[in-house]
Each structure stands twice: as structure tokens, then as C-alpha cells.
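> Before we start, here is the structure in question, set down as C-alpha cells.
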Amino acid sequence: MAKKEIKKLEYFTDWKYAPAPEATDHISLKKQYDLFINGKFVKPNSGKHFDTINPATEEHISSIAEANEKDVDSAVKAARGAYDKTWSKMPAKERAKYIYRIARLIQERARELSVIETLDGGKSIRESRDIDVPLAANHFFYYAGWADKLEYAFPNRNPKSLGVAGQVIPWNFPLLMAAWKIAPALATGNTVVLKPAETTSLTALKLAEIIQESGLPDGVVNIITGHGPVGASMVNHKDINKIAFTGSTGVGKWIQKAIAGTDKKLTLELGGKAANIIFEDAPINQAVEGIINGIFFNQGHVCCAGSRLFVQESVADEVIRKLKDRLETLIVGDPLDKNTDIGAINSKMQLNKINEYLKIGVNDGAEMYQSSCSIPKKGFFVRPTLFLNTSQSHRISQEEIFGPVLAVQTFRTIEEVIEKANNIPYGLSAGVWTDKGSRIFNMTSKLRAGVVWANTYNKFDPTSPFGGYKESGFGREGGLHGLMPYLKF
Amino acid sequence: MERIEVLKTYKIFIGGQFPRTESGRYYPLKLKNNMTVNVSLSSRKDFRNSVIAARGAFSGWSARAAFNRGQILYRIAEMLEGRKEQFLEELKQLGYTASSAKKEIEQSIDRLVYYAGWCDKYQQLFSAVNPVASSHFNFSVPEPMGVVAIMADESTALLGLVSVIAPCIAGGNTCIVLASESKPTCAITFAEVIATSDVPGGVVNIVTGNRKELHAHFSSHMDVNAIINCNSEKDFNKTIGENASLNVKRVFTWNKNWADENEQGPYYITDLQEIKTTWHPIENIGVSGIKY
């Protein structure tokens, strides 16, 4: 049978997008931020502040306090004091009202928060405006409602709060992760010491201002900034009852070891290397969109990113052709531009790591394909990248890159793809694309992953539990199940 | 010369509008300040109009995201909080003491917030994935019943009303409520709160009038799915029960002391829910794949 000539899409026509930058004149940022302890902003003991920069321009935005062990201790003391004196004694329905207030204040200041999120972290304004910030507000709103309903969630168990929760969050969804951590902790009656990531502290500090405005009793939430050692001293602090960590599997393992033998409760939300599986009967165009969204959402800085693509052989040519075409249309550049699809890589360090993996992929013999788009001279950017002809043993198919890099494999049978998808230490999420409902449910029961998206990808909701199997961590965030890690029975 | 106060005409609330009763009838209500309010004595036709409005609003309201319904219930609480003073005055005119009025308003606000929280949670407690023996994915979820006719608590002006409307609409139903006959003014002012809280027109309809006259119509309407009487009236309840059988209405008698903090909970929502079970086949190949 003669192959039909397929007409290529043409991109050299003059269909350019005019710049559509989001205004930044309505936001207010201080030159320097201190630590938020016991309801007040206080100077760090170290007397030191470090720079936070805009990864899209490498320009200085503000200075952030570097906490040390003493600051951690005073934050924990403040949290313990607030727990003993007010928060644990307050009727649950009144506790709920404070959390509702925080949700409302985030909604009211959503625009400002999304601009700061984009400035500080590099993610596109479209995502911070439409995803991060509204989801953060909704998360507080959802968990506020649980505060006085815990007996219904866990009948006959008499659920009780734990005490002080120490929470360490990553830089990929700064405000959203703060919400995921703080909202359930408060709803269940705990007090909090939270450490945002050093490259993205600003929205957490803005949240501190919002918490002040909400009238939440002093010390119920404390936000301390700094680098890794701050998190380490939180983990090792004797008066913390609970550690919640989102970040790399390496650090997660270190934390699990560090708290061994103590009474600290732990939840870990760690790395992932999700399989996104395209069957031959899938709606191909939608699947291609799903692949793009799966791996290029938030520059691929997503623990549940669909970073391993499995395409059934019979449709592989078509999918890969369409994928390449779609790759060409992605707009990489100024995160503040409303048309931008892929913003800046969060930090120089992460950029180097991704570039290192690109080299590894090529050296291991995979075929690299990149969009021909131009990328800004300043700032940290990577072209969206596919690796074709990869195999299960390639490092780019096994290790979490945390960038806009997709490793593509093909498969023939359902047994084969289940085997390949599961044969990895991670188990956070997976994607399945097929027209056949019965196959979806087969796949959801066979895939060893905490979240399975069928004919969709990267969907999040406050009511929906999120978390991993195996080395992707344990405990769930979101939904009814997200209450459990903050309660004792 | 002293300024003369402008008095409010208390009308009824149907489909988001405030008409007077189509019957033109009224009953006088003497307030504590010796002023008289001419309350609408709603007719069967007013009720039937309300059912049309409620049925019309049902598909949209039940299809709203649960989270959105929660936001709207919370908004009602916000609006009510902002109009506390007005309700305080009105309750006093109906014979409440200042302290009992304050307590009733605050409890009403808190109850709205309480049910706002339930909007996107009761499903998680009352749904099930059923482990059937065959290769099927089988799950059951609650779904709203539809249009609910409510005869509100006679003894309270606001709290009894809020305590039944909130769980009813939290679960995605729409309703027609007959306000307390002796304390109807607050119910109409509460309708103004609802009208300014992003609640779509027709989701809540409030009429004033006579239970003796209306209970038979409330219970016999063929497009009403459930009926709640919040009063213990044995002879009415007999008629309601008999009429309900015409179209197999679900019948509830919620004769409660709504001031009791225990008279709230998800079961007031689930009473007004149906359970839907869905069967879906699961393909059964690749069993050997789970090795890791």
C-alpha cells in the first residue's frame, strides 16, 4: 500500500503572538524579609539574608532571612505555646473560621500572589494564575470545612491532633505546597512551623502576611526561611510531633532515617517517574495534548510529571509525528507573558542538572529531539526535549530529571507495558490513554502508583488524595485521606 | 418635625423574584412595636409557581461543582453576618429577647458555615466502591433527590428555616419553604440574604401562609420529590403521608429543637439524597504484570 503523503504544518508564516505581559506594578514586595515567628516578623539570629532572584532575568528581587538552629527552636516554642494555650483548646468550628478567612484572603489577593509566584519561581503566569493560586485558596476552603467534622471522617476513633507539625516544602509549587501542608494541619488542630524552599520563599512570606491579617492567633503558623540545614534542624528538633516533607527521594530517605526511633509521625511526598501510556485506540490528538501537559506543565518541575511516554507500536509513528509538531508550537520565554507555555527553569542549579541529563541521554544512545524555538539569552531556559528510542535501562528512563524532558518508549502488549511501567522504584502517578473503559480500570488496578489519570493528566483537586507508592513516599495529601497524617487515634 | 420611618412590605420569594401572592390575600401580624405587617397569605397557585421555579433551577444547581455550592453557602453566611443588626431588630419585633435573638442569629450563621463545609465532603463519607465478585468496577454515589417541599419550624423565625434549607441545598436539591406562620417576617428578610448571595433564582423559594391550607397541596404536587414537615402535627402528617404516596414522595418529619448543636450533621443531607450505583467492566489481562 502506498503511503499517503502527509502535509507538514508550516510554522514559518507570520503568525506571531504580540507580547502580552502581565502587569507587575500592583504588587508590593519588601526589600528584605525576616522570619515569621509568633505572629511577628523577626530578624534571624544569624543576622544574614540571602538573595532571591527572578530566574527568568537573573535580577535580584528581594532578600530572605537565613534561619539557624536557634530560630528553629524559637519557632517551635512559639508553635508549642500556641498549641497549648489557644489552638488545641479552641472549639473546632471557630478554628474553621480562621481557615476560611485565610482562603478568602488568598482569593482576594490572587492576582498579586500569582505575579509574585511567577517572578520568584519562573513558572508561566498562566499556570500560577489559573492553577497554583486558585488551588491554594480552594485547599484552605476545603480543609476549613473539615475542622468540625473529624468525628464523621473517622467514626469511633476519637481523632486528636498531634501537636506541632514541622513542614518542609519544595520550590516547584511554592504557595500551593504551603497550602497543602498548612490547611490540613490547622484543620486537625495542629500548629505549624513551615520552611519554604530557598529559591521560592516569597509567596510563603506573603502568606505569612495574610495569616497576620486573618487574625490567626500568634504562633499557630510560623514560617522560617533558609537553606537545607534549617530543614535538618526541624527534622531533628525534639519538640516537633510530625514531619511533613515534599521533595526529593534522597532527602526523604535521609529524613526517614533521621527520625527513626522517635515518636515523630512522618509523611513523605517524594520523586516520581510517571508512565504515560498511549494505547492504539486512544483519541490521538487528545493524547498528544495530554503528553504535552504531562511533561511540560510547570517546565516539567512536577513530581508527578508524565516523564516516561509509552506508545503502542501501531500508533507510535503518528503519535511521535504529532508530538514533534506540537512541540514546535510551544512558546518558551518570559513567564510573565500570558501566552507563554514554558517559563524559566527555577534555578541555575536545576538548569545544570537538566543539561547534564541531556548529555547523559545522548551519551547513552538515545535520540534527542528539541523544539527549534529560540530561548532568551538571560535567565534559565531549556528547550522542550524528547528522547526517542530510549530503553528501560537508560538513565533518562529511570531517574527523575525534573525538567521539560520526555523519554519515549514503545510497547506491543498490555503485559509488556504494565511490566515496564511498574519496573521502577517510583510509584507516584501514571497516565492511561484509551477509548476503552474496561482497559482503564484494568490499568488502574495493575499500575503501582498513587494517582492514575485516565484520558487526562496533571489534574489536582482539594478533595482528591495525592501521594505515592514505593519510593515516591507515603501518606496522602488532599481529600479525606489527607486528614489522617495529622491525627492520632 | 420627626422623620417618618419607611416601612417594608413583606412579600414572598419565588424564582429569585419578590412577588406578592397572586391571590391578593393577606394576614395581619402585630409586631412588638404595635405596627402591623400584612403578610402574604400564599395560595396553592403560589406554591405551584414555586415548584416550577425550583424544578427549573434543579438541573443547574445540582450540576454545580460541589465546591462551588460550598462557596455559595459560605457567601450566605457572610451576607447574614453583615446584616445581623437588621435581624436582631426583626427578631425582637417578633417577641425574641435581645439575647435569644443574638444567639439565634449567630447559630444560624454558624450552621450555614457548617453546611458550607459539607457540600464537598458528604460524598466522600457516603459513597462506596463495592467489591463485587465479578470483574466489574462498581461504585455508589449520592445524588440529590430533586425538588423538596418544606414546612419550616413554627417556633423559630430564622434558625429552623436555615437548619433545613442549608442541608437541602448543600446536597444539590432545590426547595420551596413555607415559613413559620406566626414568625414570617424574618424568613422574607432571609430571602433577601439569599437573593444577594449568588444563589441562582429558584434554588430556594420561600412562601408565607397557612399550613392547614397548604399542607395538602405541598404533599400532593406531582413534581415534588420529597416533603419535610418540621412540626409535629399528627393529622397533617397523616394527610401528607397519604398524598405523598401519589408519586412516592420521600416523607420526613423533622420536628427538632434546632437550637441543639447536635441537630446538624451530614444525615440531614443524606436524607435528601438518592444512591446511584454504576457497574463498569474491568478488562482482565496482564495479571502477571504486578511484580514490583
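Ligands are numbered from 1 in the order shown, residues from 1 within each chain, and chains are lettered A, B, ... in the order they appear in the C-alpha cells.
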Contacts from chain B to chain A, 6 Å maximum, only C-alpha atoms: show me the residue list as a list in words.
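Here they are: Gly117, Pro281, Ile282, Glu283, Gly286 and Gly289 of chain B.
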> Extract the full set of strand (DSSP E or B) residues from range 103-222 of chain B according to DSSP on the backbone, and format it as a PyMOL selection string.
chain B and resi 128-129+136-144+147-151+174-178+204-207
> Calculated over only C-alpha atoms, which of the candidates A:Phe460, A:Gly271, A:Gly252, A:Phe489 has the smallest distance to Leu135 in chain A?
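Nearest to Leu135 in chain A: A:Phe460.
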> Pick out the residues sitting within 9 Å of Ile14 in chain B, and hand them over as a PyMOL selection string; count only C-alpha atoms, and ignore anything fewer than 5 positions along from it in its own chain.
chain B and resi 19+46-47+49-51+53-54+176+201-202+204-207
> Quick one: residues within 10 Å of Leu7 in chain B, only C-alpha atoms, excluding same-chain residues fewer than 2 positions away - as a list in words?
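Using only C-alpha atoms, the neighbours found are Ile4, Glu5, Thr9, Tyr10, Met35 and Val37 of chain B.
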